[in-house]
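A.B. asks: Handing you this structure, nothing more for now.
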Amino acid sequence: MAALFRLYNVTKRYRSREVLNIRKMEVNKGRIYTILGPNGAGKTTLLRVMSLLTVNDSGRIEVFGEEVSWNKSQLVRLRRHMAMVTQTSFMFKGSVYYNVAYGLKVRKRPEPEQRKIVKECLELMGMSDFADYPAQKLSGGERQKVAIARALAVKPAVLFLDEPTSSLEPNSAMDIEHYIKFINSQYNTTVIMVTHNLFQARRLAEEIFFLWDGKIIEHGSCEDLFTRARDERTRAFLQGNF
Amino acid sequence: MAALFRLYNVTKRYRSREVLNIRKMEVNKGRIYTILGPNGAGKTTLLRVMSLLTVNDSGRIEVFGEEVSWNKSQLVRLRRHMAMVTQTSFMFKGSVYYNVAYGLKVRKRPEPEQRKIVKECLELMGMSDFADYPAQKLSGGERQKVAIARALAVKPAVLFLDEPTSSLEPNSAMDIEHYIKFINSQYNTTVIMVTHNLFQARRLAEEIFFLWDGKIIEHGSCEDLFTRARDERTRAFLQGNF
Amino acid sequence: MAVFYQGIKEGLLLIMSLDRELIQITLLSLQVSFSALIIAAILGIPLGSVLALKRIPGRKIFLNIIYTLMGLPPVLAGLIVFLFLSNRGPLGQLQLLFTPAAMVIAQVCLALPIVCGLTARAVMAQPQEVYDTAAMLGATRRQAAWTIIKESSLGIVAALTTALGRLMAEVGAVMMVGGNIAGKTRVLTTSIVLETRMGNDSRAIAIGMILLLIAFLTMLIILKLEKRTFKDGGTIQVI
Amino acid sequence: MAVFYQGIKEGLLLIMSLDRELIQITLLSLQVSFSALIIAAILGIPLGSVLALKRIPGRKIFLNIIYTLMGLPPVLAGLIVFLFLSNRGPLGQLQLLFTPAAMVIAQVCLALPIVCGLTARAVMAQPQEVYDTAAMLGATRRQAAWTIIKESSLGIVAALTTALGRLMAEVGAVMMVGGNIAGKTRVLTTSIVLETRMGNDSRAIAIGMILLLIAFLTMLIILKLEKRTFKDGGTIQVI
Amino acid sequence: TGSDQGSAAEQTIKLATTTSTEDSGLLDVLLPEFKKDTGYDVEVIAVGTGAAIGLGEKGDVDVILVHSRTAEDQFVADGFGVNRKDVMYNDFLIIGPEDDPAGIKGENDAVAALTAISETESTFLSRGDDSGTHKKEKQLWETAGITPEGEWYVSVGKGMGDTFRMANEMNGYTLIDRGTFLFNRDKYELEAMVEGDELLFNPYGVIAVNKEKHPNVNFEGATAFIEWLTSKKAQDMIAEYGKDEFGQALFVPNVE
Ligand SMILES: Nc1ncnc2c1ncn2[C@@H]1O[C@H](COP(=O)(O)OP(=O)(O)OP(=O)(O)O)[C@@H](O)[C@H]1O
Ligand SMILES: Nc1ncnc2c1ncn2[C@@H]1O[C@H](COP(=O)(O)OP(=O)(O)OP(=O)(O)O)[C@@H](O)[C@H]1O
Ligand SMILES: [Mg+2]
Ligand SMILES: [Mg+2]
């Protein structure tokens with residue numbers, strides 16, 4: 001199986017604080033990964049480094065088999081195969097439609113196609129009525145739904161999800177979980193998801209990375225981790241179940 | 001028992017859309033309330049109206065037995081007994097310390113007292129190491145913890161919580177739940193909390209309001225609602241359990 | 001204070017009389033300042049954004065120079081452009097001195113740093129998330145920059161109105177390179193100077209009133225357009 | 001183009017010679033412009049914030065007038081202040097005409113709308129959450145307004161630097177009310193005008209260079225202070 | 001069309017002159033007549049004498065009309081100007097406040113008046129801008145053997161109209177050309193103190209910019225302007241100008 005992402009000795013510091021230090025990490029095509037870990041463990045930072053939004057301070061990153069050299073054209077080329085739902089679901093000024101169409105616009109897709117895709121994605125998220133609504137006025141959950149629609153619209157090969165259902169009502173959250181499974185099996189989309197919802201992790205993940213203080217202290221299949229985690233900290237974390 | 005909040009026929013519209021329409025709602029002192037409902041139901045709007053951050057379009061609001069006239073001095077006086085953790089946990093520019101001390105500063109508490117309280121609250125949230133950190137650089141969960149610390153610092157009589165644990169790791173979330181129960185029983189703090197986590201609602205709430213499309217369609221004790229909800233929509237919502 | 005009433009009265013009379021010369025002077029003022037503003041915007045907005053966004057070496061010094069040039073004295077700008085356009089100067093061949101074109105060039109020198117500097121500041125004040133979201137959705141740098149510019153629209157409109165105010169008000173540069181030739185390069189501000197020099201205070205005030213009236217109407221139109229374009233860029237509600 | 005080299009050379013010589021008169025002129029320039037800026041800031045920042053935040057009737061028109069006055073021609077401002085301070089004017093008794101105090105007053109008229117208008121725009125661009133969070137934590141309106149001003153610091157610094165640039169560069173107002181009296185009210189810009197009127201282009205350029213150099217150093221200091229105060233108000237990272 | 005524009009440019013001449021000439025309104029009377037007679041449009045650029053000569057040296061104008069004999073001669077001697085002609089003269093006067101602290105009202109001797117001003121330390125405003133007027137003033141002080149300095153001697157670095165305004169505000173004396181004085185007399189309160197002294201004579205010269213130095217100048221137009229300005233018709237108009245409005249002529253034609 002081709003490794004989509006390979007990270008070796010990747011570190012990232014803010015000021016003098018090392019917030020990420022990944023010895024070795026591999027992500028394979030077509031699987032669903034979950035990253036777990038306490039607040040401030042570096043989960044978001046890890047997603048940002050993998051999606052090439054934050055430059056690592058040292059180490060080596062390979063994406064789609066290419067070593068990342070951070071040059072402009074490579075970045076755009078690689079990023080065009082990815083999409084992310086960020087933790088804050090930032091919305092551009094303008095309508096919900098504009099936000100969801102954004103990824104298609106920058107890819108210069110024909111207008112009718114854009115309209116069709118945006119319509120589909122909004123329908124999927126139950127947000128069709130909001131197409132003309134100013135996106136920055138949405139409620140927290142609505143905003144998160146639009147952020148998901150926006151990421152899905154570009155049909156990415158790799159989908160990064162940073163706590164994508166944190167503000168969603170339970171039913172919507174379940175729908176989205178189903179949909180993630182669906183695109184994963186249907187289009188072979190690789191999914192890398194951060195979540196604090198252990199049930200969700202358990203339902204979705206094929207593999208889990210457990211992050212602690214910037215380091216991957218445990219990695220394995222979902223079943224393994226939940227039933228026989230080696231690290232004591234992992235076990236303690238997973239016990240806080242709810 | 002004295003009613004802390006009374007709302008009669010309170011409505012709020014954005015453009016032509018009515019997003020809130022509360023026939024009658026009463027909140028009593030010293031209890032823990034949970035507001036449940038789908039995304040966009042108007043939960044945040046309701047909290048904002050109750051905390052006097054958004055002016056209702058019609059209807060009557062009584063807070064602490066006073067009718068709200070929206071005049072300046074009344075607003076500040078009433079608000080000084082409340083605190084809120086908002087859905088976005090907005091942080092002011094400046095350090096974590098500055099943010100947590102803010103409510104004490106505007107109340108002109110003496111400096112040593114400020115320092116003491118901020119220290120306590122940060123410790124409680126496990127954020128002591130971050131006192132000097134720029135608050136806007138925190139991770140999502142850290143930010144939420146600071147927002148909680150900031151609200152607790154002013155020792156409010158009424159605490160509004162808008163999905164306060166949505167970005168928190170399970171253990172922290174549990175700690176916060178315990179703490180909410182503690183201040184409720186210890187200081188008789190009234191808690192009004194929005195959450196999408198049904199387990200959490202069940203663990204904490206004494207009473208639940210169920211909001212749908214701006215209206216309270218169900219209201220009762222936690223037990224009642226979870227076991228014998230009258231409204232079909234409520235039942236459907238609560239079934240999406242996880 | 002009679003001179004004020006006199007000035008206002010005279011101003012109203014002047015406006016109502018539709019004085020041919022005055023209309024021509026007013027139109028030239030508008031034409032020169034708007035041409036300069038448009039050129040400055042076309043050059044300055046992209047340049048300002050690039051300076052705000054690109055980590056090029058010497059960027060800070062360059063930005064600082066731009067901020068400094070926001071305070072370029074109009075007379076000095078006028079003098080420098082004058083020397084370039086003068087017969088003996090490197091661009092003397094173009095025969096532009098004492099024409100409206102020369103005035104536009106000199107005013108571009110004044111407006112460019114303002115547009116560029118304030119645009120850079122507006123762009124730099126945007127949250128990181130704007131860029132991140134654009135990049136993550138596949139935008140090239142150019143597309144992302146354009147998105148950031150759109151998000152900064154409020155600040156950029158402020159930059160443009162500030163620059164326009166500067167241009168409509170300044171006299172040093174247009175006087176120097178335009179020469180204040182009656183019927184050819186005389187504009188509202190140079191007329192004001194001429195009238196004060198001749199001791200005609202009330203007429204100077206009258207022309208000043210006309211200038212401010214025009215500026216007021218222009219601002220009204222700009223704000224209306226801005227509102228229409230950025231409907232939800234509302235302002236803070238204080239309760 | 002020889003005149004440029006000549007101007008730069010002459011400028012350097014002037015600086016190095018520590019010409020007494022030049023030092024005095026430079027200090028007066030700084031003193032007048034900074035006094036005016038400080039007064040304008042003290043009045044303009046609160047006023048701008050109030051206009052941005054308070055729903056007072058006529059607020060929009062008032063804001064529009066402020067934006068218009070950002071383009072107040074210095075000559076006109078000078079003329080109006082002149083008429084007020086003149087012997088015959090309502091404030092003639094104060095005997096302020098042709099003193100630095102008069103120049104400060106006239107410059108305040110120019111700077112106030114800029115500080116006020118750009119502050120208002122910076123404040124209006126803040127997200128609603130700033131106010132909400134402050135209010136929810138028990139801030140009075142005044143305290144909340146102060147918090148919003150602090151959050152707008154980047155924009156307000158831009159307002160102040162823009163105003164300072166305008167003041168250091170303008171000549172119409174200080175010329176009119178100061179009178180360009182040698183040794184008393186002559187400043188850098190009026191010197192430049194005088195030199196160009198006398199046809200001393202290279203000396204005019206030399207003085208202009210000094211003016212720009214001072215502006216540059218001032219900006220450096222302001223930016224350094226700003227950085228120190230708002231360490232984490234960093235700029236967008238583009239990768 | 002292109003050829004039309006070419007001839008239009010040919011039909012235009014640029015004149016650099018002093019602000020006093022423009023502000024006096026004389027050109028508003030002369031130039032339309034000149035256009036009627038010759039077809040030339042004249043674009044007037046009013047600056048200080050120094051700057052006007054500077055414009056001529058750079059070839060940015062075609063002809064200059066100024067009043068500073070020494071500078072004019074230098075301009076011609078350096079080869080920048082040709083065909084200098086006397087046009088007219090006006091005279092300077094010393095004006096001052098009604099209460100006349102130096103007691104010079106009615107004095108005929110300019111040098112004596114300045115001496116009195118300096119001895120009483122009465123406020124005196126100097127143009128201080130190297131203009132024709134300023135040069136004249138310096139020459140008078142030199143003749144008086146006085147180096148003016150002190151609080152009372154105010155060097156303002158401004159044009160004539162503005163200096164008049166300032167002198168009025170400061171209740172000071174100043175040296176002024178008759179044109180500007182008559183033109184502004186009603187607006188201000190200063191009065192004529194000293195006039196008629198030969199030393200106060202102020203001749204204007206017109207000079208064409210040398211075609212050899214600056215091939216692009218409109219030399220033909222400049223020549224036509226000089227010829228017209230020194231013609232009988234123009235000289236008569238100059239002699240008449242101001243009589244209606246001020247009861248006296250502002251300038252005296254000066255062609256031998
Ligand atoms: N300022 C506003 N302008 C326009 N519409 C708004 C505004 N604020 C909220 N709304 C709309 O009002 C409705 C209710 O919003 P509210 O934030 O109260 O929902 P909520 O119940 O808190 O939802 P969530 O669970 O997603 O946070 C939403 O549909 C939202 O889009
Ligand atoms: N731009 C930044 N500047 C300084 N520190 C930062 C920055 N971004 C992140 N950090 C710090 O790095 C650490 C890791 O942050 P990160 O956002 O990756 O955490 P996380 O695992 O996603 O946490 P959460 O579950 O709370 O979202 C945190 O302690 C955070 O405060
Ligand atoms: Mg995170
Ligand atoms: Mg909400």
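Each chain in the structure tokens gets a letter, A, B and so on, in the order shown; residues start at 1 in every chain, and ligands are counted from 1 in the order they appear.
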For Lys243 in chain E, please output as a list in words all residues within 12 Å (counting only C-alpha atoms; exclusion window: fewer than 4 positions along the same chain).
C.D. replies: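 So the residues in contact are Leu26, Gly179, Leu182, Phe183, Met237, Ile238, Ala239, Gly247, Gln248, Ala249, Leu250, Phe251 and Val252 of chain E.
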A.B. asks: Create the file for the chosen residues now, containing N, CA and C atoms and written as a tab-separated table (two decimals), in the first residue's frame.
C.D. replies:
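Result file part-v8.tsv:
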chain	number	residue	atom	x	y	z
E	26	LEU	N	-3.47	93.13	-14.07
E	26	LEU	CA	-3.11	93.75	-15.33
E	26	LEU	C	-3.16	92.77	-16.49
E	179	GLY	N	1.11	98.41	-7.18
E	179	GLY	CA	0.02	97.58	-7.71
E	179	GLY	C	-0.65	96.79	-6.60
E	182	LEU	N	-2.49	99.15	-4.06
E	182	LEU	CA	-3.78	99.71	-4.47
E	182	LEU	C	-4.84	98.62	-4.55
E	183	PHE	N	-4.41	97.48	-5.01
E	183	PHE	CA	-5.34	96.39	-5.21
E	183	PHE	C	-5.95	95.93	-3.88
E	237	MET	N	-2.54	100.90	-23.01
E	237	MET	CA	-3.41	100.16	-22.10
E	237	MET	C	-2.80	100.12	-20.70
E	238	ILE	N	-1.48	99.93	-20.64
E	238	ILE	CA	-0.81	99.90	-19.34
E	238	ILE	C	-0.99	101.24	-18.63
E	239	ALA	N	-0.85	102.29	-19.39
E	239	ALA	CA	-0.96	103.63	-18.81
E	239	ALA	C	-2.36	103.87	-18.26
E	247	GLY	N	-8.38	105.26	-9.39
E	247	GLY	CA	-8.15	106.69	-9.52
E	247	GLY	C	-6.73	107.03	-9.89
E	248	GLN	N	-5.91	106.04	-10.03
E	248	GLN	CA	-4.54	106.29	-10.50
E	248	GLN	C	-4.03	105.04	-11.21
E	249	ALA	N	-3.06	105.23	-12.08
E	249	ALA	CA	-2.53	104.09	-12.82
E	249	ALA	C	-1.64	103.27	-11.89
E	250	LEU	N	-1.63	101.96	-12.14
E	250	LEU	CA	-0.78	101.10	-11.31
E	250	LEU	C	0.63	101.05	-11.87
E	251	PHE	N	0.74	101.18	-13.18
E	251	PHE	CA	2.05	101.05	-13.82
E	251	PHE	C	2.27	102.23	-14.77
E	252	VAL	N	3.52	102.53	-14.98
E	252	VAL	CA	3.87	103.59	-15.94
E	252	VAL	C	4.60	102.95	-17.11
A.B. asks: Could you list the protein, DNA and RNA residues that have any atom within 6 Å of ligand 4, counting only C-alpha atoms and all ligand atoms, and write them as a PyMOL selection string?
C.D. replies: (chain A and resi 139-140) or (chain B and resi 43-44)
A.B. asks: Take the residues from that selection and put them in a file with all heavy atoms, as a PDB file, in the first residue's frame.
C.D. replies:
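Okay, this is what ended up in result.pdb:
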ATOM      1  N   SER A 139     -25.015  30.266  13.127  1.00  0.00           N
ATOM      2  CA  SER A 139     -24.787  29.733  14.477  1.00  0.00           C
ATOM      3  C   SER A 139     -23.584  28.790  14.419  1.00  0.00           C
ATOM      4  O   SER A 139     -23.165  28.359  13.347  1.00  0.00           O
ATOM      5  CB  SER A 139     -26.023  28.982  14.954  1.00  0.00           C
ATOM      6  OG  SER A 139     -26.061  27.694  14.380  1.00  0.00           O
ATOM      7  N   GLY A 140     -23.035  28.491  15.579  1.00  0.00           N
ATOM      8  CA  GLY A 140     -21.830  27.670  15.656  1.00  0.00           C
ATOM      9  C   GLY A 140     -21.939  26.362  14.885  1.00  0.00           C
ATOM     10  O   GLY A 140     -21.045  25.990  14.118  1.00  0.00           O
TER      11      GLY A 140
ATOM     12  N   LYS B  43     -30.593  28.466  20.550  1.00  0.00           N
ATOM     13  CA  LYS B  43     -30.077  28.298  21.912  1.00  0.00           C
ATOM     14  C   LYS B  43     -29.154  29.458  22.285  1.00  0.00           C
ATOM     15  O   LYS B  43     -29.304  30.076  23.346  1.00  0.00           O
ATOM     16  CB  LYS B  43     -29.307  26.974  22.020  1.00  0.00           C
ATOM     17  CG  LYS B  43     -30.120  25.755  21.624  1.00  0.00           C
ATOM     18  CD  LYS B  43     -29.341  24.463  21.728  1.00  0.00           C
ATOM     19  CE  LYS B  43     -28.179  24.348  20.757  1.00  0.00           C
ATOM     20  NZ  LYS B  43     -28.603  24.361  19.338  1.00  0.00           N
ATOM     21  N   THR B  44     -28.201  29.736  21.414  1.00  0.00           N
ATOM     22  CA  THR B  44     -27.279  30.823  21.702  1.00  0.00           C
ATOM     23  C   THR B  44     -28.030  32.152  21.785  1.00  0.00           C
ATOM     24  O   THR B  44     -27.773  32.975  22.671  1.00  0.00           O
ATOM     25  CB  THR B  44     -26.186  30.886  20.619  1.00  0.00           C
ATOM     26  OG1 THR B  44     -25.473  29.660  20.639  1.00  0.00           O
ATOM     27  CG2 THR B  44     -25.230  32.028  20.858  1.00  0.00           C
TER      28      THR B  44
END
A.B. asks: With only C-alpha atoms and all ligand atoms counted, collect every polymer residue having an atom within 7 Å of ligand 2; state the result as a PyMOL selection string.
C.D. replies: (chain A and resi 14-15+19+37-46) or (chain B and resi 137-142+167-169)
A.B. asks: Print the selection's residues with N, CA, C and O atoms to a file, as an mmCIF file, in the first residue's frame.
C.D. replies:
data_model
loop_
_atom_site.group_PDB
_atom_site.id
_atom_site.type_symbol
_atom_site.label_atom_id
_atom_site.label_comp_id
_atom_site.auth_asym_id
_atom_site.auth_seq_id
_atom_site.Cartn_x
_atom_site.Cartn_y
_atom_site.Cartn_z
ATOM 1 N N TYR A 14 7.136 26.694 19.202
ATOM 2 C CA TYR A 14 6.652 28.064 19.292
ATOM 3 C C TYR A 14 7.444 28.700 20.403
ATOM 4 O O TYR A 14 7.445 28.213 21.524
ATOM 5 N N ARG A 15 8.108 29.782 20.093
ATOM 6 C CA ARG A 15 9.072 30.346 21.018
ATOM 7 C C ARG A 15 10.026 29.214 21.419
ATOM 8 O O ARG A 15 10.485 28.484 20.571
ATOM 9 N N VAL A 19 6.265 21.983 20.551
ATOM 10 C CA VAL A 19 4.889 21.498 20.653
ATOM 11 C C VAL A 19 4.656 20.263 19.789
ATOM 12 O O VAL A 19 3.620 19.627 19.893
ATOM 13 N N GLY A 37 -5.809 12.742 21.903
ATOM 14 C CA GLY A 37 -4.821 13.294 22.828
ATOM 15 C C GLY A 37 -5.400 14.453 23.583
ATOM 16 O O GLY A 37 -6.375 15.064 23.134
ATOM 17 N N PRO A 38 -4.795 14.787 24.712
ATOM 18 C CA PRO A 38 -5.329 15.876 25.524
ATOM 19 C C PRO A 38 -5.219 17.227 24.830
ATOM 20 O O PRO A 38 -4.568 17.359 23.799
ATOM 21 N N ASN A 39 -5.868 18.223 25.403
ATOM 22 C CA ASN A 39 -5.789 19.571 24.860
ATOM 23 C C ASN A 39 -4.362 20.063 24.872
ATOM 24 O O ASN A 39 -3.654 19.888 25.860
ATOM 25 N N GLY A 40 -3.968 20.667 23.774
ATOM 26 C CA GLY A 40 -2.632 21.216 23.697
ATOM 27 C C GLY A 40 -1.575 20.173 23.406
ATOM 28 O O GLY A 40 -0.374 20.469 23.421
ATOM 29 N N ALA A 41 -1.994 18.938 23.074
ATOM 30 C CA ALA A 41 -1.026 17.887 22.808
ATOM 31 C C ALA A 41 -0.323 18.124 21.471
ATOM 32 O O ALA A 41 0.764 17.586 21.235
ATOM 33 N N GLY A 42 -0.924 18.919 20.604
ATOM 34 C CA GLY A 42 -0.304 19.178 19.308
ATOM 35 C C GLY A 42 -1.082 18.579 18.147
ATOM 36 O O GLY A 42 -0.567 18.487 17.031
ATOM 37 N N LYS A 43 -2.314 18.202 18.368
ATOM 38 C CA LYS A 43 -3.112 17.569 17.323
ATOM 39 C C LYS A 43 -3.333 18.520 16.141
ATOM 40 O O LYS A 43 -3.097 18.164 14.988
ATOM 41 N N THR A 44 -3.785 19.710 16.458
ATOM 42 C CA THR A 44 -4.024 20.676 15.389
ATOM 43 C C THR A 44 -2.714 21.007 14.681
ATOM 44 O O THR A 44 -2.664 21.088 13.442
ATOM 45 N N THR A 45 -1.663 21.171 15.443
ATOM 46 C CA THR A 45 -0.366 21.470 14.846
ATOM 47 C C THR A 45 0.047 20.348 13.894
ATOM 48 O O THR A 45 0.542 20.620 12.789
ATOM 49 N N LEU A 46 -0.185 19.123 14.308
ATOM 50 C CA LEU A 46 0.170 17.997 13.444
ATOM 51 C C LEU A 46 -0.628 18.051 12.138
ATOM 52 O O LEU A 46 -0.068 17.898 11.047
ATOM 53 N N LYS B 137 -3.102 32.719 20.969
ATOM 54 C CA LYS B 137 -2.331 31.650 20.335
ATOM 55 C C LYS B 137 -2.672 30.277 20.913
ATOM 56 O O LYS B 137 -2.083 29.277 20.521
ATOM 57 N N LEU B 138 -3.563 30.221 21.863
ATOM 58 C CA LEU B 138 -3.861 28.946 22.511
ATOM 59 C C LEU B 138 -4.546 27.971 21.553
ATOM 60 O O LEU B 138 -5.183 28.380 20.586
ATOM 61 N N SER B 139 -4.458 26.708 21.876
ATOM 62 C CA SER B 139 -5.205 25.713 21.110
ATOM 63 C C SER B 139 -6.677 25.826 21.495
ATOM 64 O O SER B 139 -7.025 26.464 22.489
ATOM 65 N N GLY B 140 -7.529 25.230 20.655
ATOM 66 C CA GLY B 140 -8.968 25.350 20.856
ATOM 67 C C GLY B 140 -9.416 24.978 22.263
ATOM 68 O O GLY B 140 -10.186 25.704 22.906
ATOM 69 N N GLY B 141 -8.903 23.872 22.755
ATOM 70 C CA GLY B 141 -9.322 23.414 24.074
ATOM 71 C C GLY B 141 -8.782 24.293 25.182
ATOM 72 O O GLY B 141 -9.488 24.627 26.141
ATOM 73 N N GLU B 142 -7.521 24.694 25.028
ATOM 74 C CA GLU B 142 -6.916 25.570 26.033
ATOM 75 C C GLU B 142 -7.704 26.873 26.150
ATOM 76 O O GLU B 142 -7.941 27.383 27.245
ATOM 77 N N SER B 167 -14.763 21.471 23.031
ATOM 78 C CA SER B 167 -13.423 21.182 22.508
ATOM 79 C C SER B 167 -12.516 20.568 23.558
ATOM 80 O O SER B 167 -11.306 20.544 23.393
ATOM 81 N N LEU B 168 -13.100 20.101 24.648
ATOM 82 C CA LEU B 168 -12.239 19.614 25.726
ATOM 83 C C LEU B 168 -12.031 18.108 25.657
ATOM 84 O O LEU B 168 -12.908 17.353 25.243
ATOM 85 N N GLU B 169 -10.868 17.701 26.091
ATOM 86 C CA GLU B 169 -10.590 16.286 26.239
ATOM 87 C C GLU B 169 -11.536 15.720 27.309
ATOM 88 O O GLU B 169 -11.974 16.460 28.207
#
A.B. asks: Among chain A, which residues does DSSP mark as alpha helix (DSSP H) when it is run on the backbone? Keep the chain and numbering as in the structure and answer as a PyMOL selection string.
C.D. replies: chain A and resi 43-50+72-79+96-106+111-124+140-153+170-187+198-204+222-228+232-239
A.B. asks: Any chance you can output those residues with C-alpha atoms as a short mmCIF file (atom, residue, chain, number, x, y, z; two decimals), in the first residue's frame?
C.D. replies:
data_model
loop_
_atom_site.label_atom_id
_atom_site.label_comp_id
_atom_site.auth_asym_id
_atom_site.auth_seq_id
_atom_site.Cartn_x
_atom_site.Cartn_y
_atom_site.Cartn_z
CA LYS A 43 -3.11 17.57 17.32
CA THR A 44 -4.02 20.68 15.39
CA THR A 45 -0.37 21.47 14.85
CA LEU A 46 0.17 18.00 13.44
CA LEU A 47 -2.74 18.41 11.01
CA ARG A 48 -1.37 21.79 9.97
CA VAL A 49 2.06 20.39 9.29
CA MET A 50 0.64 17.49 7.30
CA LYS A 72 5.22 27.48 -4.15
CA SER A 73 4.05 25.38 -7.07
CA GLN A 74 4.58 22.12 -5.24
CA LEU A 75 2.54 23.39 -2.31
CA VAL A 76 -0.44 24.33 -4.41
CA ARG A 77 -0.25 21.12 -6.42
CA LEU A 78 -0.19 18.95 -3.30
CA ARG A 79 -2.78 20.97 -1.45
CA VAL A 96 -22.79 30.55 2.41
CA TYR A 97 -22.85 29.81 -1.32
CA TYR A 98 -19.68 31.82 -1.88
CA ASN A 99 -17.92 29.96 0.90
CA VAL A 100 -18.85 26.52 -0.34
CA ALA A 101 -18.06 27.41 -3.95
CA TYR A 102 -14.66 28.86 -2.99
CA GLY A 103 -12.60 25.73 -3.52
CA LEU A 104 -14.24 25.18 -6.90
CA LYS A 105 -13.72 28.78 -7.95
CA VAL A 106 -10.02 28.71 -7.26
CA GLU A 111 -20.02 27.82 -13.23
CA PRO A 112 -22.79 25.27 -13.81
CA GLU A 113 -20.69 22.53 -12.28
CA GLN A 114 -19.98 24.78 -9.29
CA ARG A 115 -23.66 25.39 -8.79
CA LYS A 116 -24.48 21.72 -8.99
CA ILE A 117 -21.79 20.66 -6.53
CA VAL A 118 -22.55 23.42 -4.03
CA LYS A 119 -26.20 22.50 -4.12
CA GLU A 120 -25.41 18.83 -3.48
CA CYS A 121 -23.05 19.56 -0.61
CA LEU A 122 -25.41 21.98 1.08
CA GLU A 123 -28.24 19.49 0.76
CA LEU A 124 -26.10 16.82 2.30
CA GLY A 140 -21.83 27.67 15.66
CA GLY A 141 -23.22 24.39 14.43
CA GLU A 142 -24.45 25.76 11.12
CA ARG A 143 -21.03 27.19 10.53
CA GLN A 144 -19.40 23.87 11.16
CA LYS A 145 -21.78 22.20 8.73
CA VAL A 146 -20.91 24.74 6.06
CA ALA A 147 -17.22 24.19 6.73
CA ILE A 148 -17.73 20.48 6.12
CA ALA A 149 -19.71 21.14 2.94
CA ARG A 150 -16.95 23.47 1.79
CA ALA A 151 -14.30 20.80 2.29
CA LEU A 152 -16.35 18.09 0.64
CA ALA A 153 -17.09 20.25 -2.39
CA PRO A 170 -26.14 14.39 17.83
CA ASN A 171 -28.20 13.49 14.78
CA SER A 172 -26.16 15.64 12.42
CA ALA A 173 -23.00 14.27 13.95
CA MET A 174 -24.18 10.75 13.23
CA ASP A 175 -25.11 11.66 9.66
CA ILE A 176 -21.66 13.04 9.13
CA GLU A 177 -20.02 9.97 10.53
CA HIS A 178 -22.01 7.89 8.07
CA TYR A 179 -21.04 10.16 5.27
CA ILE A 180 -17.36 9.99 6.19
CA LYS A 181 -17.56 6.22 6.04
CA PHE A 182 -19.39 6.48 2.75
CA ILE A 183 -16.86 8.65 0.94
CA ASN A 184 -14.07 6.59 2.42
CA SER A 185 -15.44 3.39 0.96
CA GLN A 186 -16.88 4.90 -2.19
CA TYR A 187 -14.07 7.22 -3.32
CA LEU A 198 -14.03 8.59 22.12
CA PHE A 199 -17.20 6.91 20.91
CA GLN A 200 -16.82 8.62 17.62
CA ALA A 201 -13.20 7.59 17.38
CA ARG A 202 -14.19 4.05 18.11
CA ARG A 203 -16.97 4.04 15.56
CA LEU A 204 -14.90 5.50 12.76
CA CYS A 222 -8.71 1.11 17.05
CA GLU A 223 -9.47 -2.16 18.74
CA ASP A 224 -5.94 -2.58 20.06
CA LEU A 225 -5.81 0.85 21.54
CA PHE A 226 -9.12 0.75 23.29
CA THR A 227 -8.65 -2.73 24.70
CA ARG A 228 -4.95 -3.09 25.35
CA GLU A 232 -0.38 4.17 31.07
CA ARG A 233 -1.25 7.71 30.01
CA THR A 234 -3.31 6.39 27.13
CA ARG A 235 -5.22 4.11 29.40
CA ALA A 236 -5.92 6.93 31.84
CA PHE A 237 -7.12 9.14 29.01
CA LEU A 238 -9.40 6.52 27.54
CA GLN A 239 -10.99 5.82 30.88
#
A.B. asks: Would you give me, as a PyMOL selection string, the residues of chain C that come within 6 Å of chain E, using only C-alpha atoms?
C.D. replies: chain C and resi 87-88+179+181+197-198
A.B. asks: List as number ranges by chain the protein and nucleic acid residues near Thr88 in chain A, meaning an atom at most 9 Å away when only C-alpha atoms are counted, but skip any in the same chain fewer than 2 places from it.
C.D. replies: A: 85-86, 90-91, 144, 162; B: 88, 140; C: 129
A.B. asks: Pick out the chain B residues within 8 Å of chain C. Count only C-alpha atoms. Give them as a VMD selection string.
C.D. replies: chain B and resid 52 to 55 70 72
